[in-house]
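Quick look at final.cif (mmCIF, C-alpha atoms):
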```
data_data
#
loop_
_atom_site.group_PDB
_atom_site.id
_atom_site.type_symbol
_atom_site.label_atom_id
_atom_site.label_comp_id
_atom_site.auth_asym_id
_atom_site.auth_seq_id
_atom_site.Cartn_x
_atom_site.Cartn_y
_atom_site.Cartn_z
ATOM 1 C CA VAL A 1 -51.415 46.895 95.460
ATOM 2 C CA LEU A 2 -52.703 43.450 94.538
ATOM 3 C CA LYS A 3 -52.176 44.154 90.845
ATOM 4 C CA THR A 4 -48.592 45.198 91.531
ATOM 5 C CA GLN A 5 -47.949 42.036 93.559
ATOM 6 C CA ILE A 6 -49.352 39.838 90.798
ATOM 7 C CA THR A 7 -47.214 41.616 88.217
ATOM 8 C CA ILE A 8 -44.050 41.139 90.289
ATOM 9 C CA SER A 9 -44.937 37.481 90.820
ATOM 10 C CA GLN A 10 -45.430 37.032 87.100
ATOM 11 C CA ILE A 11 -42.081 38.664 86.372
ATOM 12 C CA ILE A 12 -40.310 36.386 88.856
ATOM 13 C CA SER A 13 -42.070 33.356 87.380
ATOM 14 C CA TYR A 14 -41.127 34.418 83.847
ATOM 15 C CA LYS A 15 -37.492 34.948 84.861
ATOM 16 C CA ASN A 16 -37.350 31.517 86.469
ATOM 17 C CA LEU A 17 -38.906 29.921 83.379
ATOM 18 C CA SER A 18 -36.498 31.785 81.106
ATOM 19 C CA TYR A 19 -33.553 30.679 83.263
ATOM 20 C CA ARG A 20 -34.666 27.040 83.128
ATOM 21 C CA ARG A 21 -35.074 27.217 79.347
ATOM 22 C CA ASN A 22 -31.591 28.691 78.957
ATOM 23 C CA ILE A 23 -30.099 25.951 81.128
ATOM 24 C CA MET A 24 -31.936 23.233 79.187
ATOM 25 C CA SER A 25 -30.871 24.670 75.835
ATOM 26 C CA GLN A 26 -27.192 24.864 76.824
ATOM 27 C CA ILE A 27 -24.968 22.261 75.186
ATOM 28 C CA VAL A 28 -23.233 19.877 77.593
ATOM 29 C CA LYS A 29 -20.874 16.947 77.187
ATOM 30 C CA HIS A 30 -22.467 13.897 75.503
ATOM 31 C CA ASP A 31 -25.311 15.938 74.001
ATOM 32 C CA PHE A 32 -26.091 14.997 70.409
ATOM 33 C CA VAL A 33 -26.223 18.205 68.380
ATOM 34 C CA GLU A 34 -26.964 18.937 64.731
ATOM 35 C CA ILE A 35 -24.660 21.568 63.225
ATOM 36 C CA GLU A 36 -23.573 23.191 59.979
ATOM 37 C CA TYR A 37 -20.091 24.642 59.631
ATOM 38 C CA THR A 38 -17.504 26.191 57.349
ATOM 39 C CA ALA A 39 -13.819 26.291 58.287
ATOM 40 C CA THR A 40 -11.241 28.759 56.997
ATOM 41 C CA ILE A 41 -7.604 29.549 57.668
ATOM 42 C CA GLU A 42 -7.586 32.699 59.785
ATOM 43 C CA GLY A 43 -6.581 35.839 57.943
ATOM 44 C CA THR A 44 -7.529 34.342 54.588
ATOM 45 C CA SER A 45 -10.703 33.418 52.750
ATOM 46 C CA GLN A 46 -9.385 29.898 52.119
ATOM 47 C CA VAL A 47 -12.083 27.343 52.952
ATOM 48 C CA PHE A 48 -10.770 23.853 53.691
ATOM 49 C CA ASP A 49 -13.859 22.163 55.122
ATOM 50 C CA THR A 50 -17.605 22.743 54.983
ATOM 51 C CA THR A 51 -20.982 21.026 55.250
ATOM 52 C CA ASP A 52 -22.410 23.245 52.494
ATOM 53 C CA GLU A 53 -22.214 21.997 48.895
ATOM 54 C CA LYS A 54 -22.398 25.457 47.291
ATOM 55 C CA THR A 55 -19.555 26.712 49.507
ATOM 56 C CA ALA A 56 -17.453 23.642 48.678
ATOM 57 C CA LYS A 57 -17.873 24.204 44.955
ATOM 58 C CA SER A 58 -17.039 27.907 45.102
ATOM 59 C CA ALA A 59 -13.927 27.115 47.189
ATOM 60 C CA ASN A 60 -12.834 24.387 44.730
ATOM 61 C CA ILE A 61 -12.827 21.702 47.422
ATOM 62 C CA TYR A 62 -15.961 19.884 46.254
ATOM 63 C CA ASN A 63 -15.763 16.103 46.614
ATOM 64 C CA LYS A 64 -18.335 14.011 44.718
ATOM 65 C CA GLY A 65 -18.078 11.270 47.324
ATOM 66 C CA ALA A 66 -18.817 13.592 50.249
ATOM 67 C CA ARG A 67 -22.253 14.224 51.711
ATOM 68 C CA TYR A 68 -22.915 17.923 52.068
ATOM 69 C CA LYS A 69 -25.570 18.406 54.717
ATOM 70 C CA PRO A 70 -25.847 19.241 58.429
ATOM 71 C CA VAL A 71 -24.100 16.689 60.632
ATOM 72 C CA ILE A 72 -25.057 15.240 63.999
ATOM 73 C CA ILE A 73 -22.182 14.964 66.452
ATOM 74 C CA CYS A 74 -21.870 13.800 70.032
ATOM 75 C CA ILE A 75 -20.110 16.421 72.134
ATOM 76 C CA GLY A 76 -16.961 15.153 73.807
ATOM 77 C CA GLU A 77 -16.527 12.100 71.573
ATOM 78 C CA ASN A 78 -13.704 13.532 69.422
ATOM 79 C CA GLN A 79 -15.817 13.439 66.264
ATOM 80 C CA ILE A 80 -14.617 16.935 65.405
ATOM 81 C CA LEU A 81 -11.505 18.958 66.309
ATOM 82 C CA LYS A 82 -10.965 18.955 70.064
ATOM 83 C CA GLY A 83 -10.842 22.754 70.245
ATOM 84 C CA LEU A 84 -14.122 23.092 68.348
ATOM 85 C CA ASP A 85 -15.707 20.317 70.405
ATOM 86 C CA GLU A 86 -14.821 22.039 73.682
ATOM 87 C CA SER A 87 -15.881 25.465 72.389
ATOM 88 C CA LEU A 88 -19.432 24.227 71.746
ATOM 89 C CA ILE A 89 -19.944 23.275 75.410
ATOM 90 C CA GLY A 90 -22.099 25.939 77.057
ATOM 91 C CA LYS A 91 -23.372 27.338 73.765
ATOM 92 C CA ASN A 92 -27.107 27.710 73.147
ATOM 93 C CA SER A 93 -28.613 24.960 70.999
ATOM 94 C CA GLU A 94 -31.596 26.917 69.664
ATOM 95 C CA GLU A 95 -30.588 27.900 66.117
ATOM 96 C CA ARG A 96 -27.624 30.097 66.923
ATOM 97 C CA ASP A 97 -24.687 31.175 64.754
ATOM 98 C CA TYR A 98 -21.207 31.269 66.229
ATOM 99 C CA GLU A 99 -17.742 32.229 65.043
ATOM 100 C CA ILE A 100 -15.128 30.135 66.831
ATOM 101 C CA LYS A 101 -11.423 30.917 66.510
ATOM 102 C CA LEU A 102 -8.912 28.174 67.312
ATOM 103 C CA GLN A 103 -5.223 28.523 68.092
ATOM 104 C CA PRO A 104 -2.937 25.979 66.348
ATOM 105 C CA GLU A 105 -2.634 23.828 69.485
ATOM 106 C CA ASP A 106 -6.441 23.523 69.628
ATOM 107 C CA ALA A 107 -6.740 22.778 65.915
ATOM 108 C CA PHE A 108 -4.171 20.781 63.929
ATOM 109 C CA GLY A 109 -1.259 21.259 66.295
ATOM 110 C CA LYS A 110 1.880 23.339 66.248
ATOM 111 C CA LYS A 111 4.628 22.712 63.711
ATOM 112 C CA ASN A 112 6.956 19.985 64.951
ATOM 113 C CA PRO A 113 10.508 20.420 63.595
ATOM 114 C CA LYS A 114 11.158 16.716 64.197
ATOM 115 C CA LEU A 115 8.618 15.924 61.471
ATOM 116 C CA LEU A 116 10.786 17.651 58.845
ATOM 117 C CA GLN A 117 12.905 14.876 57.366
ATOM 118 C CA LEU A 118 15.917 15.091 55.105
ATOM 119 C CA LEU A 119 15.865 12.427 52.391
ATOM 120 C CA SER A 120 18.293 11.707 49.587
ATOM 121 C CA GLN A 121 17.252 12.309 45.992
ATOM 122 C CA SER A 122 18.472 8.812 45.171
ATOM 123 C CA SER A 123 15.668 7.343 47.314
ATOM 124 C CA PHE A 124 13.183 9.117 45.040
ATOM 125 C CA LYS A 125 14.933 8.022 41.851
ATOM 126 C CA LYS A 126 14.671 4.380 42.935
ATOM 127 C CA GLN A 127 10.889 4.827 42.839
ATOM 128 C CA ASN A 128 10.908 6.843 39.595
ATOM 129 C CA ILE A 129 9.724 9.972 41.420
ATOM 130 C CA THR A 130 10.943 13.458 40.559
ATOM 131 C CA PRO A 131 10.547 15.535 43.740
ATOM 132 C CA TYR A 132 9.475 19.174 43.603
ATOM 133 C CA PRO A 133 8.215 21.652 46.238
ATOM 134 C CA GLY A 134 4.553 20.990 47.035
ATOM 135 C CA LEU A 135 4.599 17.346 45.937
ATOM 136 C CA GLN A 136 2.375 15.270 48.227
ATOM 137 C CA MET A 137 3.540 11.754 48.909
ATOM 138 C CA ASN A 138 2.686 8.808 51.111
ATOM 139 C CA ILE A 139 5.547 7.124 52.941
ATOM 140 C CA ASP A 140 4.666 4.141 55.131
ATOM 141 C CA GLY A 141 1.080 5.348 55.339
ATOM 142 C CA ILE A 142 2.042 8.869 56.442
ATOM 143 C CA LEU A 143 1.288 11.885 54.245
ATOM 144 C CA GLY A 144 4.238 14.168 53.582
ATOM 145 C CA ILE A 145 4.778 17.306 51.509
ATOM 146 C CA VAL A 146 8.060 18.133 49.787
ATOM 147 C CA ARG A 147 9.185 21.556 51.033
ATOM 148 C CA THR A 148 12.589 22.090 49.421
ATOM 149 C CA VAL A 149 14.703 20.356 46.798
ATOM 150 C CA THR A 150 18.467 20.926 46.593
ATOM 151 C CA PRO A 151 21.140 18.931 44.740
ATOM 152 C CA GLY A 152 21.114 15.492 46.300
ATOM 153 C CA ARG A 153 18.738 16.376 49.140
ATOM 154 C CA VAL A 154 14.995 16.726 49.673
ATOM 155 C CA ILE A 155 13.195 18.011 52.796
ATOM 156 C CA VAL A 156 9.811 16.374 53.357
ATOM 157 C CA ASP A 157 7.349 17.813 55.898
ATOM 158 C CA PHE A 158 5.251 15.186 57.722
ATOM 159 C CA ASN A 159 3.347 17.734 59.793
ATOM 160 C CA HIS A 160 -0.377 18.042 59.111
ATOM 161 C CA PRO A 161 -0.811 20.477 56.172
ATOM 162 C CA LEU A 162 -2.673 22.853 58.530
ATOM 163 C CA ALA A 163 -0.273 22.507 61.454
ATOM 164 C CA GLY A 164 0.710 25.891 62.863
ATOM 165 C CA LYS A 165 -2.361 27.584 61.357
ATOM 166 C CA LYS A 166 -5.009 29.538 63.261
ATOM 167 C CA ILE A 167 -8.445 28.296 62.229
ATOM 168 C CA THR A 168 -11.846 30.006 62.149
ATOM 169 C CA TYR A 169 -15.075 28.020 62.217
ATOM 170 C CA LYS A 170 -18.435 29.543 61.399
ATOM 171 C CA VAL A 171 -20.893 27.199 63.063
ATOM 172 C CA LYS A 172 -24.663 27.127 63.069
ATOM 173 C CA VAL A 173 -26.129 25.061 65.894
ATOM 174 C CA ILE A 174 -29.453 23.814 64.573
ATOM 175 C CA ARG A 175 -30.804 21.736 67.459
ATOM 176 C CA LYS A 176 -30.218 19.222 70.176
ATOM 177 C CA VAL A 177 -31.139 15.736 68.966
ATOM 178 C CA ALA A 178 -33.632 13.871 71.155
ATOM 179 C CA ASP A 179 -34.545 10.913 68.932
ATOM 180 C CA ASP A 180 -32.614 7.731 69.848
ATOM 181 C CA LYS A 181 -32.572 6.399 66.275
ATOM 182 C CA GLU A 182 -31.009 9.628 65.006
ATOM 183 C CA LYS A 183 -28.390 9.376 67.741
ATOM 184 C CA ILE A 184 -27.517 5.773 66.856
ATOM 185 C CA ASP A 185 -27.428 6.558 63.143
ATOM 186 C CA SER A 186 -25.022 9.435 63.790
ATOM 187 C CA LEU A 187 -22.655 7.118 65.703
ATOM 188 C CA LEU A 188 -22.891 4.465 62.987
ATOM 189 C CA SER A 189 -22.043 6.987 60.263
ATOM 190 C CA PHE A 190 -18.523 7.275 61.712
ATOM 191 C CA PHE A 191 -18.018 3.523 61.205
ATOM 192 C CA VAL A 192 -19.880 2.628 57.999
ATOM 193 C CA LYS A 193 -21.782 4.269 55.144
ATOM 194 C CA GLU A 194 -24.567 1.731 54.638
ATOM 195 C CA PHE A 195 -26.662 0.512 57.568
ATOM 196 C CA LYS A 196 -30.169 0.016 58.920
ATOM 197 C CA THR A 197 -31.355 0.472 62.492
ATOM 198 C CA GLU A 198 -34.483 -0.482 64.397
ATOM 199 C CA ILE A 199 -35.329 0.169 68.043
ATOM 200 C CA SER A 200 -37.822 -1.796 70.110
ATOM 201 C CA GLN A 201 -38.262 -1.900 73.879
ATOM 202 C CA GLY A 202 -34.795 -0.622 74.676
ATOM 203 C CA GLU A 203 -33.007 -2.841 72.147
ATOM 204 C CA ALA A 204 -31.288 -1.503 69.040
ATOM 205 C CA VAL A 205 -30.927 -3.871 66.099
ATOM 206 C CA VAL A 206 -28.280 -2.778 63.608
ATOM 207 C CA SER A 207 -27.810 -4.297 60.155
ATOM 208 C CA ALA A 208 -24.384 -3.393 58.768
ATOM 209 C CA ASN A 209 -21.069 -4.868 57.701
ATOM 210 C CA ILE A 210 -18.944 -3.927 60.715
ATOM 211 C CA PRO A 211 -15.707 -5.737 61.694
ATOM 212 C CA LYS A 212 -15.965 -7.816 64.876
ATOM 213 C CA ASP A 213 -13.509 -5.691 66.878
ATOM 214 C CA ALA A 214 -15.357 -2.499 65.945
ATOM 215 C CA GLN A 215 -18.718 -4.045 66.892
ATOM 216 C CA GLU A 216 -17.820 -4.238 70.583
ATOM 217 C CA ILE A 217 -16.577 -0.635 70.593
ATOM 218 C CA LEU A 218 -19.779 0.525 68.905
ATOM 219 C CA LYS A 219 -22.047 -1.439 71.262
ATOM 220 C CA GLU A 220 -20.318 0.079 74.274
ATOM 221 C CA LYS A 221 -20.562 3.589 72.837
ATOM 222 C CA ILE A 222 -24.276 3.265 72.080
ATOM 223 C CA THR A 223 -25.238 1.935 75.528
ATOM 224 C CA ASN A 224 -23.020 4.452 77.342
ATOM 225 C CA LEU A 225 -24.122 7.510 75.373
ATOM 226 C CA ILE A 226 -27.805 6.590 74.986
ATOM 227 C CA PRO A 227 -28.977 5.291 78.412
ATOM 228 C CA SER A 228 -32.418 4.276 77.133
ATOM 229 C CA ILE A 229 -30.746 1.650 74.906
ATOM 230 C CA LYS A 230 -30.002 -1.375 77.082
ATOM 231 C CA LYS A 231 -28.975 -3.855 74.399
ATOM 232 C CA VAL A 232 -27.429 -3.661 70.922
ATOM 233 C CA THR A 233 -27.516 -6.458 68.374
ATOM 234 C CA ILE A 234 -25.400 -6.142 65.211
ATOM 235 C CA SER A 235 -25.867 -8.416 62.213
ATOM 236 C CA LYS A 236 -24.594 -8.342 58.629
ATOM 237 C CA GLU A 237 -26.817 -6.700 56.003
#
```

Entire entry expressed as structure tokens:
Amino acid sequence: VLKTQITISQIISYKNLSYRRNIMSQIVKHDFVEIEYTATIEGTSQVFDTTDEKTAKSANIYNKGARYKPVIICIGENQILKGLDESLIGKNSEERDYEIKLQPEDAFGKKNPKLLQLLSQSSFKKQNITPYPGLQMNIDGILGIVRTVTPGRVIVDFNHPLAGKKITYKVKVIRKVADDKEKIDSLLSFFVKEFKTEISQGEAVVSANIPKDAQEILKEKITNLIPSIKKVTISKE
């Protein structure tokens, strides 16, 4: 009888431990998480974004200036698509692979007919541009794509190129990030490429060329998202 009681007690203890581990490994808002991902347009094999260099090259989207490696993101900080961000909440952070499907409204938005603009061909001729379907152009800082060309008229689409598309993300969650320096570095990487950070007794010292207005935003983010950091000092490199 005693042996049976001990066994039951051990089972209960194991279940409680397993439950606690599952809770601790679940991703929650403001967790810093390291991930790898590849994004495709649903129903096709067309890759438009990835953290893997080999995949980027095979999909003909390789960019020499990009860094292909796992990325550290802060959940809930809009560093990735909102739909993907929200889908990661509640997922297990212990080296798990997930396939996440996003509807257009959770990805790059639905097509907005108001963003289809009719322009005259003469406006293109003034700039020595010959419009044709598929031509990408920048008008007042907004990217547009020529959809149709008829005598005297051109329709330009200012929707995001992936608007209206269902998106599939294959995501590998590698780990939750516990190190404060890694967390700060991940936040800095969204502002600048070159920087140095040091942490001592709750103070983070950042050396980077960051505009004054962005410095205050960054300081607030660091102290809010990383409670152990009480003070942030930013100086030029």

Exercise: range 149-163 of chain A partners within 9 Å, all atoms listed in the file, chain neighbours under 5 positions left out, as a count of residues only: 26

Residue by residue, what does the PyMOL selection byres ((chain A and resi 89) around 7) grab here? Present the result as a list in words.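 Selected by the PyMOL selection byres ((chain A and resi 89) around 7) in this file: Ile27, Val28, Lys29, Glu86, Ser87, Leu88, Gly90 and Lys91 of chain A.
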
Could you state which residues are captured by the PyMOL selection byres ((chain A and resi 204-212) around 8) in this file, as a VMD selection string? chain A and resid 191 to 192 194 to 200 202 to 203 213 to 216 229 231 to 237

A:Gly134, A:Ser189, A:Lys165, A:Asp180: which is nearest Lys230 in chain A, counting only C-alpha atoms?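 Among the listed residues, the smallest separation from Lys230 in chain A belongs to A:Asp180.
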
So, counting all atoms listed in the file, which residue among A:Ile174, A:Ile61, A:Val47, A:Ala56 is closest to Asn92 in chain A? A:Ile174

Which residues would end up in the selection if the PyMOL selection byres ((chain A and resi 95) around 8) were applied here, given that I need the answer as a ChimeraX atom specification? /A:92-94,96-97,172-175

As an exercise, work out the distance from CA of Gly76 in chain A to CA of Gly141 in chain A in Å and give it to one decimal place.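 So the two atoms, CA of Gly76 in chain A and CA of Gly141 in chain A, lie 27.6 Å apart.
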
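Taking CA of Lys183 in chain A and CA of Val33 in chain A as endpoints, the distance between them is 9.1 Å.
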
Rounded to one decimal in Å, what is the spacing between CA of Asp106 in chain A and CA of Gln26 in chain A? 22.0 Å

Can you tell me, as lines of an AutoDock Vina configuration file, the centre and edge lengths (Å, one decimal) of the axis-aligned box enclosing all of range 40-57 of chain A's listed atoms after padding each side by 3 Å?
```
center_x = -14.5
center_y = 28.4
center_z = 52.4
size_x = 21.8
size_y = 20.8
size_z = 20.8
```

Compile the contact shell of Glu53 in chain A as a compact mmCIF listing (two decimals) with C-alpha atoms, in the frame of the given file: residues with an atom at most 9 Å away, counting only C-alpha atoms, same-chain residues fewer than 5 positions apart removed.
```txt
# COMPACT_ATOMS: atom_id res chain seq x y z
CA SER A 58 -17.04 27.91 45.10
CA TYR A 62 -15.96 19.88 46.25
CA ARG A 67 -22.25 14.22 51.71
CA TYR A 68 -22.92 17.92 52.07
CA LYS A 69 -25.57 18.41 54.72
```

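Compared by their closest atoms to Leu81 in chain A, and using only C-alpha atoms, the residues A:Asn60, A:Gln46, A:Thr168, A:Gln136 rank with A:Thr168 nearest.
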
Return the single residue from A:Thr130, A:Thr50, A:Ser25, A:Asp31 that is closest to Ile226 in chain A, with distances computed using only C-alpha atoms.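 Among A:Thr130, A:Thr50, A:Ser25, A:Asp31, it is A:Asp31 that comes nearest to Ile226 in chain A.
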